[in-house]
>>> print(open('work_36.pdb').read())   # PDB, C-alpha atoms
ATOM      1  CA  MET A1179       0.000   0.000   0.000
ATOM      2  CA  THR A1180       1.442   3.364  -0.940
ATOM      3  CA  LYS A1181       1.447   6.286   1.463
ATOM      4  CA  LYS A1182      -1.388   7.798  -0.536
ATOM      5  CA  THR A1183      -3.680   4.832   0.094
ATOM      6  CA  CYS A1184      -6.541   5.944   2.335
ATOM      7  CA  VAL A1185      -5.564   9.621   2.235
ATOM      8  CA  PHE A1186      -9.284  10.321   1.872
ATOM      9  CA  PHE A1187      -9.945   8.621   5.194
ATOM     10  CA  SER A1188      -6.973  10.039   7.070
ATOM     11  CA  VAL A1189      -7.897  13.632   6.364
ATOM     12  CA  ILE A1190     -11.319  13.019   7.883
ATOM     13  CA  PHE A1191     -10.199  10.969  10.841
ATOM     14  CA  PHE A1192      -7.518  13.177  12.267
ATOM     15  CA  ALA A1193      -9.827  16.187  12.005
ATOM     16  CA  SER A1194     -12.688  14.465  13.834
ATOM     17  CA  HIS A1195     -13.647  14.269  17.492
ATOM     18  CA  PHE A1196     -15.330  10.932  18.025
ATOM     19  CA  VAL A1197     -18.353  10.490  20.232
ATOM     20  CA  ILE A1198     -18.795   6.735  20.688
ATOM     21  CA  SER A1199     -21.650   5.479  22.869
ATOM     22  CA  GLU A1200     -21.063   1.723  22.457
ATOM     23  CA  PRO A1201     -18.780  -0.669  20.544
ATOM     24  CA  SER A1202     -19.523  -1.255  16.875
ATOM     25  CA  CYS A1203     -20.400  -4.859  15.964
ATOM     26  CA  ILE A1204     -18.168  -6.292  13.242
ATOM     27  CA  GLY A1205     -18.791  -9.699  11.733
ATOM     28  CA  TYR A1206     -16.125 -11.973  10.298
ATOM     29  CA  VAL A1207     -15.491 -15.450   8.948
ATOM     30  CA  LYS A1208     -12.278 -17.260   9.829
ATOM     31  CA  GLY A1209      -9.643 -17.024   7.116
ATOM     32  CA  MET A1210      -7.995 -14.352   5.027
ATOM     33  CA  THR A1211     -10.960 -11.974   5.007
ATOM     34  CA  ALA A1212     -10.649 -11.613   8.790
ATOM     35  CA  VAL A1213      -6.960 -10.683   8.715
ATOM     36  CA  PRO A1214      -7.402  -6.913   8.080
ATOM     37  CA  PHE A1215      -9.178  -6.682  11.454
ATOM     38  CA  VAL A1216      -6.456  -8.408  13.465
ATOM     39  CA  TYR A1217      -4.989  -5.277  15.117
ATOM     40  CA  MET A1218      -8.512  -4.042  15.889
ATOM     41  CA  MET A1219      -9.500  -7.131  17.853
ATOM     42  CA  PRO A1220      -7.779  -6.106  21.119
ATOM     43  CA  GLU A1221      -9.803  -2.854  21.140
ATOM     44  CA  THR A1222     -12.782  -4.390  22.916
ATOM     45  CA  ASP A1223     -14.037  -1.044  24.215
ATOM     46  CA  LYS A1224     -14.467   0.142  20.623
ATOM     47  CA  PHE A1225     -15.339  -2.970  18.617
ATOM     48  CA  GLU A1226     -17.233  -6.192  19.255
ATOM     49  CA  PHE A1227     -16.251  -8.976  16.858
ATOM     50  CA  ILE A1228     -18.738 -11.746  16.088
ATOM     51  CA  GLU A1229     -17.656 -14.903  14.270
ATOM     52  CA  PHE A1230     -19.929 -16.389  11.589
ATOM     53  CA  SER A1231     -19.773 -19.835  10.021
ATOM     54  CA  GLY A1232     -19.566 -18.640   6.425
ATOM     55  CA  VAL A1233     -20.256 -15.835   3.978
ATOM     56  CA  SER A1234     -23.984 -16.663   3.714
ATOM     57  CA  ALA A1235     -24.398 -16.405   7.481
ATOM     58  CA  LEU A1236     -22.399 -13.172   7.498
ATOM     59  CA  VAL A1237     -24.684 -11.697   4.839
ATOM     60  CA  GLU A1238     -27.715 -12.650   6.916
ATOM     61  CA  GLY A1239     -26.146 -10.956   9.919
ATOM     62  CA  MET A1240     -25.874  -7.765   7.900
ATOM     63  CA  LYS A1241     -29.446  -8.053   6.606
ATOM     64  CA  ASN A1242     -31.020  -8.546  10.038
ATOM     65  CA  GLY A1243     -28.956  -5.842  11.750
ATOM     66  CA  GLU A1244     -27.025  -8.226  13.987
ATOM     67  CA  ILE A1245     -23.769  -6.583  12.907
ATOM     68  CA  ASP A1246     -22.831  -3.127  11.691
ATOM     69  CA  ALA A1247     -19.910  -3.962   9.397
ATOM     70  CA  ALA A1248     -18.165  -6.859   7.669
ATOM     71  CA  ASN A1249     -15.598  -7.747   5.044
ATOM     72  CA  LEU A1250     -17.369  -9.440   2.133
ATOM     73  CA  PRO A1251     -16.338 -10.737  -1.272
ATOM     74  CA  VAL A1252     -17.163  -8.090  -3.864
ATOM     75  CA  ASN A1253     -19.857 -10.221  -5.521
ATOM     76  CA  ALA A1254     -21.555 -10.880  -2.156
ATOM     77  CA  ALA A1255     -21.439  -7.173  -1.271
ATOM     78  CA  VAL A1256     -22.946  -6.089  -4.594
ATOM     79  CA  SER A1257     -25.646  -8.784  -4.439
ATOM     80  CA  LEU A1258     -26.564  -7.741  -0.894
ATOM     81  CA  TYR A1259     -26.793  -4.107  -1.963
ATOM     82  CA  GLU A1260     -29.049  -4.949  -4.904
ATOM     83  CA  LYS A1261     -31.296  -7.408  -3.043
ATOM     84  CA  THR A1262     -31.862  -5.035  -0.134
ATOM     85  CA  SER A1263     -32.333  -1.917  -2.285
ATOM     86  CA  GLY A1264     -29.292  -0.213  -0.837
ATOM     87  CA  ALA A1265     -29.335  -1.367   2.796
ATOM     88  CA  VAL A1266     -25.530  -1.523   2.794
ATOM     89  CA  VAL A1267     -22.820   0.796   1.525
ATOM     90  CA  CYS A1268     -19.268  -0.041   0.425
ATOM     91  CA  ILE A1269     -16.629   1.774   2.475
ATOM     92  CA  ALA A1270     -13.260   0.426   1.326
ATOM     93  CA  VAL A1271     -11.375  -2.257  -0.558
ATOM     94  CA  THR A1272      -9.523  -4.430   1.946
ATOM     95  CA  GLN A1273      -7.895  -7.081  -0.237
ATOM     96  CA  ASN A1274      -6.812  -7.553  -3.847
ATOM     97  CA  ILE A1275      -6.380 -10.862  -5.657
ATOM     98  CA  ASN A1276      -3.602 -13.145  -4.429
ATOM     99  CA  TYR A1277      -3.561 -15.940  -7.004
ATOM    100  CA  SER A1278      -0.250 -17.609  -7.830
ATOM    101  CA  VAL A1279       0.709 -20.242 -10.360
ATOM    102  CA  ILE A1280       2.526 -22.986  -8.437
ATOM    103  CA  SER A1281       4.691 -25.411 -10.386
ATOM    104  CA  PRO A1282       7.542 -27.876  -9.767
ATOM    105  CA  ALA A1283      10.809 -26.079  -9.052
ATOM    106  CA  GLU A1284      12.536 -27.692 -12.046
ATOM    107  CA  SER A1285       9.875 -26.534 -14.530
ATOM    108  CA  ASN A1286      10.556 -23.742 -17.012
ATOM    109  CA  VAL A1287       7.377 -21.846 -16.125
ATOM    110  CA  SER A1288       7.950 -18.162 -15.447
ATOM    111  CA  SER A1289       5.039 -16.620 -17.374
ATOM    112  CA  LEU A1290       1.557 -17.566 -18.513
ATOM    113  CA  SER A1291       2.794 -18.267 -22.045
ATOM    114  CA  ASP A1292       5.146 -20.927 -20.646
ATOM    115  CA  LEU A1293       2.060 -22.942 -19.670
ATOM    116  CA  VAL A1294       1.103 -23.653 -23.283
ATOM    117  CA  GLY A1295       1.056 -27.432 -23.786
ATOM    118  CA  LYS A1296       0.829 -28.031 -20.044
ATOM    119  CA  LYS A1297      -2.019 -29.053 -17.736
ATOM    120  CA  LEU A1298      -3.048 -26.202 -15.434
ATOM    121  CA  LEU A1299      -5.475 -26.910 -12.595
ATOM    122  CA  TYR A1300      -7.757 -24.477 -10.789
ATOM    123  CA  SER A1301     -10.684 -24.724  -8.399
ATOM    124  CA  GLY A1302     -13.714 -22.576  -7.818
ATOM    125  CA  ASN A1303     -16.152 -20.860 -10.116
ATOM    126  CA  GLY A1304     -17.636 -17.380 -10.184
ATOM    127  CA  PHE A1305     -14.888 -14.784 -10.150
ATOM    128  CA  THR A1306     -12.003 -17.296 -10.018
ATOM    129  CA  SER A1307     -13.120 -19.019 -13.194
ATOM    130  CA  GLY A1308     -13.920 -15.749 -14.927
ATOM    131  CA  PHE A1309     -10.557 -14.236 -14.023
ATOM    132  CA  ILE A1310      -8.544 -17.164 -15.357
ATOM    133  CA  PHE A1311     -10.284 -17.214 -18.739
ATOM    134  CA  TRP A1312     -10.223 -13.402 -18.894
ATOM    135  CA  ILE A1313      -6.484 -13.067 -18.280
ATOM    136  CA  LEU A1314      -5.623 -15.854 -20.740
ATOM    137  CA  GLU A1315      -7.772 -14.202 -23.392
ATOM    138  CA  ARG A1316      -6.134 -10.802 -22.803
ATOM    139  CA  ASN A1317      -2.741 -12.459 -23.271
ATOM    140  CA  ASP A1318      -3.920 -14.201 -26.473
ATOM    141  CA  ILE A1319      -3.271 -17.592 -24.908
ATOM    142  CA  PRO A1320      -5.754 -20.290 -25.980
ATOM    143  CA  SER A1321      -7.008 -22.992 -23.623
ATOM    144  CA  GLY A1322      -8.469 -26.394 -24.397
ATOM    145  CA  GLN A1323      -6.861 -29.687 -25.329
ATOM    146  CA  GLY A1324      -3.672 -30.213 -27.316
ATOM    147  CA  GLU A1325      -0.047 -29.157 -27.501
ATOM    148  CA  ASN A1326      -0.591 -25.569 -28.593
ATOM    149  CA  VAL A1327      -2.974 -24.523 -25.816
ATOM    150  CA  ILE A1328      -3.072 -24.469 -22.022
ATOM    151  CA  GLN A1329      -4.863 -27.608 -20.899
ATOM    152  CA  LEU A1330      -7.029 -25.879 -18.314
ATOM    153  CA  GLU A1331      -8.922 -28.166 -15.960
ATOM    154  CA  ARG A1332     -11.251 -27.279 -13.104
ATOM    155  CA  ILE A1333     -10.904 -29.443 -10.006
ATOM    156  CA  GLU A1334     -12.959 -29.743  -6.824
ATOM    157  CA  SER A1335     -10.546 -28.039  -4.412
ATOM    158  CA  GLU A1336      -7.158 -26.409  -4.048
ATOM    159  CA  THR A1337      -6.100 -29.345  -1.851
ATOM    160  CA  ALA A1338      -6.890 -31.755  -4.694
ATOM    161  CA  ALA A1339      -4.910 -29.562  -7.106
ATOM    162  CA  VAL A1340      -1.851 -29.760  -4.834
ATOM    163  CA  THR A1341      -2.223 -33.559  -4.652
ATOM    164  CA  HIS A1342      -2.231 -33.828  -8.448
ATOM    165  CA  LEU A1343       0.794 -31.552  -8.645
ATOM    166  CA  SER A1344       2.633 -33.691  -6.092
ATOM    167  CA  ASN A1345       1.764 -36.867  -7.985
ATOM    168  CA  GLY A1346       2.943 -35.468 -11.297
ATOM    169  CA  THR A1347      -0.505 -35.677 -12.881
ATOM    170  CA  ALA A1348      -0.560 -31.929 -13.501
ATOM    171  CA  ASP A1349       2.089 -29.403 -14.513
ATOM    172  CA  ALA A1350       0.893 -26.393 -12.526
ATOM    173  CA  ALA A1351      -1.947 -25.150 -10.348
ATOM    174  CA  ILE A1352      -3.507 -21.777  -9.614
ATOM    175  CA  LEU A1353      -3.776 -21.306  -5.862
ATOM    176  CA  SER A1354      -4.917 -18.455  -3.647
ATOM    177  CA  GLU A1355      -3.644 -17.667  -0.165
ATOM    178  CA  PRO A1356      -3.164 -19.368   2.218
ATOM    179  CA  ALA A1357      -3.231 -22.503   0.020
ATOM    180  CA  ALA A1358      -0.309 -21.277  -2.097
ATOM    181  CA  SER A1359       1.963 -20.683   0.908
ATOM    182  CA  ALA A1360       0.831 -23.951   2.506
ATOM    183  CA  SER A1361       1.760 -25.925  -0.611
ATOM    184  CA  LEU A1362       5.225 -24.352  -0.691
ATOM    185  CA  SER A1363       5.846 -25.105   2.985
ATOM    186  CA  VAL A1364       4.871 -28.758   2.610
ATOM    187  CA  ASN A1365       6.652 -29.474  -0.659
ATOM    188  CA  LYS A1366      10.033 -27.786  -1.101
ATOM    189  CA  LYS A1367      10.068 -28.933  -4.736
ATOM    190  CA  PHE A1368       7.327 -26.426  -5.592
ATOM    191  CA  ARG A1369       7.830 -22.769  -6.423
ATOM    192  CA  ARG A1370       5.731 -19.690  -7.052
ATOM    193  CA  SER A1371       6.081 -19.336 -10.828
ATOM    194  CA  VAL A1372       3.677 -16.519 -11.724
ATOM    195  CA  ASP A1373       2.001 -13.863  -9.579
ATOM    196  CA  LEU A1374      -1.327 -13.246 -11.298
ATOM    197  CA  GLN A1375      -1.709  -9.804  -9.711
ATOM    198  CA  ASP A1376       1.514  -8.821 -11.511
ATOM    199  CA  ALA A1377       0.250 -10.425 -14.707
ATOM    200  CA  TYR A1378      -2.967  -8.415 -14.444
ATOM    201  CA  THR A1379      -1.113  -5.165 -13.777
ATOM    202  CA  SER A1380       1.120  -5.629 -16.815
ATOM    203  CA  ILE A1381      -1.797  -5.751 -19.258
ATOM    204  CA  ASN A1382      -4.493  -3.604 -17.745
ATOM    205  CA  GLY A1383      -3.191  -0.050 -17.770
ATOM    206  CA  SER A1384      -4.646   2.236 -15.121
ATOM    207  CA  ARG A1385      -6.703  -0.510 -13.465
ATOM    208  CA  LYS A1386      -3.708  -1.941 -11.667
ATOM    209  CA  SER A1387      -5.428  -4.174  -9.144
ATOM    210  CA  VAL A1388      -8.414  -6.444  -8.807
ATOM    211  CA  PRO A1389     -10.276  -6.088  -5.490
ATOM    212  CA  VAL A1390     -11.784  -9.249  -4.083
ATOM    213  CA  THR A1391     -12.857  -8.161  -0.594
ATOM    214  CA  VAL A1392     -14.563  -4.966   0.551
ATOM    215  CA  LEU A1393     -15.659  -3.481   3.851
ATOM    216  CA  VAL A1394     -19.405  -2.826   3.900
ATOM    217  CA  VAL A1395     -21.576  -1.320   6.601
ATOM    218  CA  ARG A1396     -25.303  -0.976   7.050
ATOM    219  CA  THR A1397     -26.461   2.252   5.402
ATOM    220  CA  GLN A1398     -28.456   3.135   8.510
ATOM    221  CA  PHE A1399     -25.338   2.698  10.638
ATOM    222  CA  ALA A1400     -23.334   4.972   8.306
ATOM    223  CA  GLU A1401     -25.996   7.654   8.532
ATOM    224  CA  LYS A1402     -26.781   7.497  12.253
ATOM    225  CA  SER A1403     -23.415   6.473  13.726
ATOM    226  CA  TYR A1404     -21.006   8.443  11.589
ATOM    227  CA  ASP A1405     -18.329   8.825  14.265
ATOM    228  CA  SER A1406     -18.397   5.074  14.879
ATOM    229  CA  LEU A1407     -17.968   4.457  11.162
ATOM    230  CA  LEU A1408     -15.001   6.803  10.981
ATOM    231  CA  LEU A1409     -13.421   5.083  13.965
ATOM    232  CA  ILE A1410     -13.770   1.680  12.281
ATOM    233  CA  VAL A1411     -11.975   2.821   9.168
ATOM    234  CA  GLN A1412      -9.269   4.735  11.035
ATOM    235  CA  TYR A1413      -8.411   1.599  12.983
ATOM    236  CA  LEU A1414      -8.738  -0.550   9.863
ATOM    237  CA  GLU A1415      -6.278   1.676   8.010
ATOM    238  CA  ASN A1416      -3.836   1.434  10.893
ATOM    239  CA  SER A1417      -4.312  -2.338  11.148
ATOM    240  CA  VAL A1418      -3.615  -2.914   7.449
ATOM    241  CA  SER A1419      -0.557  -0.663   7.589
ATOM    242  CA  ARG A1420       0.871  -2.664  10.495
ATOM    243  CA  ILE A1421       0.093  -5.949   8.712
ATOM    244  CA  GLN A1422       2.026  -4.769   5.673
ATOM    245  CA  ARG A1423       5.007  -3.622   7.745
ATOM    246  CA  SER A1424       5.351  -6.907   9.623
ATOM    247  CA  PRO A1425       3.427  -9.961   8.401
ATOM    248  CA  VAL A1426       5.218 -12.101  11.010
ATOM    249  CA  LYS A1427       3.924 -10.007  13.913
ATOM    250  CA  ALA A1428       0.450 -10.083  12.355
ATOM    251  CA  ALA A1429       0.722 -13.879  12.152
ATOM    252  CA  ALA A1430       1.184 -14.036  15.936
ATOM    253  CA  LEU A1431      -2.136 -12.223  16.413
ATOM    254  CA  ILE A1432      -3.813 -14.442  13.827
ATOM    255  CA  LYS A1433      -2.818 -17.398  16.003
ATOM    256  CA  LYS A1434      -3.923 -15.642  19.203
ATOM    257  CA  TYR A1435      -7.409 -14.938  17.852
ATOM    258  CA  SER A1436      -7.729 -18.341  16.115
ATOM    259  CA  LEU A1437      -8.480 -16.921  12.679
ATOM    260  CA  GLY A1438      -8.139 -20.260  10.938
ATOM    261  CA  ILE A1439      -4.772 -19.941   9.182
ATOM    262  CA  GLN A1440      -2.054 -22.457  10.025
ATOM    263  CA  PRO A1441       0.627 -20.794  12.173
ATOM    264  CA  SER A1442       3.378 -22.435  10.106
ATOM    265  CA  VAL A1443       2.289 -20.633   6.944
ATOM    266  CA  SER A1444       0.418 -17.558   8.176
ATOM    267  CA  GLY A1445       3.427 -15.222   7.913
ATOM    268  CA  ASN A1446       4.022 -16.030   4.239
ATOM    269  CA  ALA A1447       0.291 -16.103   3.502
ATOM    270  CA  VAL A1448      -0.160 -12.630   4.980
ATOM    271  CA  ALA A1449       2.899 -11.323   3.134
ATOM    272  CA  HIS A1450       1.342 -12.444  -0.159
ATOM    273  CA  GLY A1451      -2.234 -11.614   0.869
ATOM    274  CA  ASN A1452      -2.387  -8.237  -0.925
ATOM    275  CA  PHE A1453      -4.159  -6.489   1.941
ATOM    276  CA  VAL A1454      -4.993  -2.844   1.304
ATOM    277  CA  CYS A1455      -7.156  -0.054   2.636
ATOM    278  CA  ARG A1456      -8.415   2.043  -0.248
ATOM    279  CA  SER A1457     -11.608   4.056  -0.244
ATOM    280  CA  ALA A1458     -14.544   2.704  -2.232
ATOM    281  CA  LYS A1459     -14.930   5.994  -4.071
ATOM    282  CA  GLN A1460     -11.319   5.836  -5.283
ATOM    283  CA  SER A1461     -11.729   2.152  -6.150
ATOM    284  CA  GLN A1462     -14.910   2.413  -8.208
ATOM    285  CA  PRO A1463     -13.127   1.672 -11.545
ATOM    286  CA  GLU A1464     -11.438  -1.407 -10.069
ATOM    287  CA  ILE A1465     -14.677  -2.710  -8.539
ATOM    288  CA  THR A1466     -16.397  -2.200 -11.893
ATOM    289  CA  ALA A1467     -13.566  -4.150 -13.547
ATOM    290  CA  TYR A1468     -14.113  -6.976 -11.048
ATOM    291  CA  ILE A1469     -17.778  -7.153 -12.064
ATOM    292  CA  GLU A1470     -16.882  -7.224 -15.745
ATOM    293  CA  ILE A1471     -14.500 -10.118 -15.131
ATOM    294  CA  TYR A1472     -17.007 -11.924 -12.903
ATOM    295  CA  ASN A1473     -19.634 -11.718 -15.645
ATOM    296  CA  SER A1474     -17.308 -12.722 -18.479
ATOM    297  CA  GLY A1475     -18.403 -16.015 -19.954
ATOM    298  CA  ARG A1476     -21.566 -16.183 -17.809
ATOM    299  CA  THR A1477     -24.982 -16.404 -19.406
ATOM    300  CA  GLU A1478     -27.110 -16.158 -16.256
ATOM    301  CA  LYS A1479     -27.031 -14.681 -12.741
ATOM    302  CA  LEU A1480     -24.986 -11.750 -13.984
ATOM    303  CA  LEU A1481     -23.750  -9.298 -11.375
ATOM    304  CA  PRO A1482     -25.063  -5.754 -11.979
ATOM    305  CA  VAL A1483     -22.834  -2.704 -11.740
ATOM    306  CA  PRO A1484     -24.171  -0.873  -8.666
ATOM    307  CA  GLY A1485     -25.166   2.780  -8.701
ATOM    308  CA  LYS A1486     -22.992   5.497  -7.210
ATOM    309  CA  ARG A1487     -24.765   5.269  -3.841
ATOM    310  CA  PHE A1488     -23.070   1.912  -3.300
ATOM    311  CA  PHE A1489     -19.731   3.707  -3.019
ATOM    312  CA  PHE A1490     -19.393   5.640   0.234
ATOM    313  CA  GLN A1491     -18.880   9.341  -0.418
TER     314      GLN A1491
END
>>> encode(input="work_36.pdb", output="structure tokens")
Amino acid sequence: MTKKTCVFFSVIFFASHFVISEPSCIGYVKGMTAVPFVYMMPETDKFEFIEFSGVSALVEGMKNGEIDAANLPVNAAVSLYEKTSGAVVCIAVTQNINYSVISPAESNVSSLSDLVGKKLLYSGNGFTSGFIFWILERNDIPSGQGENVIQLERIESETAAVTHLSNGTADAAILSEPAASASLSVNKKFRRSVDLQDAYTSINGSRKSVPVTVLVVRTQFAEKSYDSLLLIVQYLENSVSRIQRSPVKAAALIKKYSLGIQPSVSGNAVAHGNFVCRSAKQSQPEITAYIEIYNSGRTEKLLPVPGKRFFFQ
């Protein structure tokens, strides 16, 4: 994160005098989306953190007013906004993509074009699937079957992809964090061959990042508890900055608060997690790009581009 990231927020925060009557309720799901909050969790007089079992439960918590704020995948945040006619507002981007191509150390893979003629595994659908096909298309790299294309194959999980890679039944796999760091810690014969955030940046001009997680709050909370909202984002900005400065120290807190990332890999996973704190208003072009990628190749359940009220002003 550059020093300019979150300048919009900082100007507001350091000029404000907060009047906080009670802690804000912040929901989270164990895993990488909870990491940006890790330095906020000790501040129990300011924030109450509530764990949810998954994204669907977290969304329900936002809908029924059980929580005031949460980190959500962009597609979940936009869907919630549309289905509730604007009951939530997007405050900030908190994480960009962190996909890596993992391959055997002895392979010659150092770019996407080096994967032509090789079997490349990936898991997931929705944005993950859309992003992979989108970035290959933008690089004029065909996929399918044969020697002159990338033999792209969807598999049920990242764990299964690592197993195939270990067994030699695949040439490379696309993994997100913390799975990428976990695979490298377990098998020293693997390496991180391509950073797909870098690959995206190299071809996409001014849209230099792809957000995958955003902080959203209830619109009513933003309107009626403005000081509380500002406090959340001030502490979030500080938390992300400290995470970026020392992923290892952040990993110790991840272990302390049982956020579901293996202690042996959490330092590397956080270092490659692409955590940021960038205002939603500044990030509108990138969020729109995410939606375009998400919808690419889909014929139904398309994600709409939200109106300007989605982006906190």
>>> closest_residue(input="work_36.pdb", among="A:Ile1465, A:Val1392, A:Ala1255, A:Val1364", to="Ser1442 in chain A", atoms="only C-alpha atoms")
A:Val1364
>>> closest_residue(input="work_36.pdb", among="A:Gln1412, A:Asn1317, A:Ser1344, A:Ser1403", to="Phe1215 in chain A", atoms="all atoms listed in the file")
A:Gln1412
>>> closest_residue(input="work_36.pdb", among="A:Val1327, A:Ala1351, A:Ile1269, A:Val1390", to="Ala1247 in chain A", atoms="all atoms listed in the file")
A:Ile1269
>>> atom_distance(input="work_36.pdb", atom1="CA of Ala1350 in chain A", atom2="CA of Ile1280 in chain A")
5.6 Å
>>> residues_near_point(input="work_36.pdb", point="(-24.8, -7.9, -5.8)", cutoff="12 Å", atoms="only C-alpha atoms", output="ChimeraX atom specification")
/A:1237,1250-1268,1465-1466,1468-1469,1472-1473,1479-1485,1488
>>> resolve_selection(input="work_36.pdb", expression="the PyMOL selection byres ((chain A and resi 1366) around 12)", output="list in words")
Ile1280, Ser1281, Pro1282, Ala1283, Glu1284, Ser1344, Ser1359, Ala1360, Ser1361, Leu1362, Ser1363, Val1364, Asn1365, Lys1367, Phe1368, Arg1369 and Arg1370 of chain A
>>> residues_near_point(input="work_36.pdb", point="(-12.7, -16.1, 10.6)", cutoff="6 Å", atoms="all atoms listed in the file", output="PyMOL selection string")
chain A and resi 1206-1209+1212+1437
>>> axis_aligned_box(input="work_36.pdb", around="range 1232-1240 of chain A", padding_each_side="6 Å", output="AutoDock Vina command-line options")
--center_x -23.6 --center_y -13.2 --center_z 6.8 --size_x 20.1 --size_y 22.9 --size_z 18.2
>>> atom_distance(input="work_36.pdb", atom1="CA of Ser1288 in chain A", atom2="CA of Pro1389 in chain A")
24.0 Å
>>> atom_distance(input="work_36.pdb", atom1="CA of Ile1245 in chain A", atom2="CA of Thr1397 in chain A")
11.9 Å
>>> resolve_selection(input="work_36.pdb", expression="the PyMOL selection byres ((chain A and resi 1374-1381) around 12)", output="PyMOL selection string")
chain A and resi 1273-1280+1288-1291+1306+1309-1310+1312-1318+1351-1354+1370-1373+1382-1390+1450-1452+1464+1467-1468+1471
>>> residues_around(input="work_36.pdb", residues="Gln1491 in chain A", least_positions_apart="5", cutoff="12 Å", atoms="only C-alpha atoms", output="list in words")
Phe1186, Phe1187, Ile1190, Val1267, Cys1268, Ile1269, Ala1270, Thr1397, Ala1400, Glu1401, Ser1457, Ala1458, Lys1459, Gln1460, Ser1461, Gln1462 and Lys1486 of chain A
>>> residues_around(input="work_36.pdb", residues="Val1454 in chain A", least_positions_apart="5", cutoff="10 Å", atoms="only C-alpha atoms", output="VMD selection string")
chain A and resid 1179 to 1180 1183 to 1184 1214 1270 to 1274 1389 1391 to 1392 1414 to 1415 1417 to 1419 1421 to 1422
>>> closest_residue(input="work_36.pdb", among="A:Asp1292, A:Phe1399, A:Tyr1217, A:Gly1346", to="Lys1427 in chain A", atoms="only C-alpha atoms")
A:Tyr1217
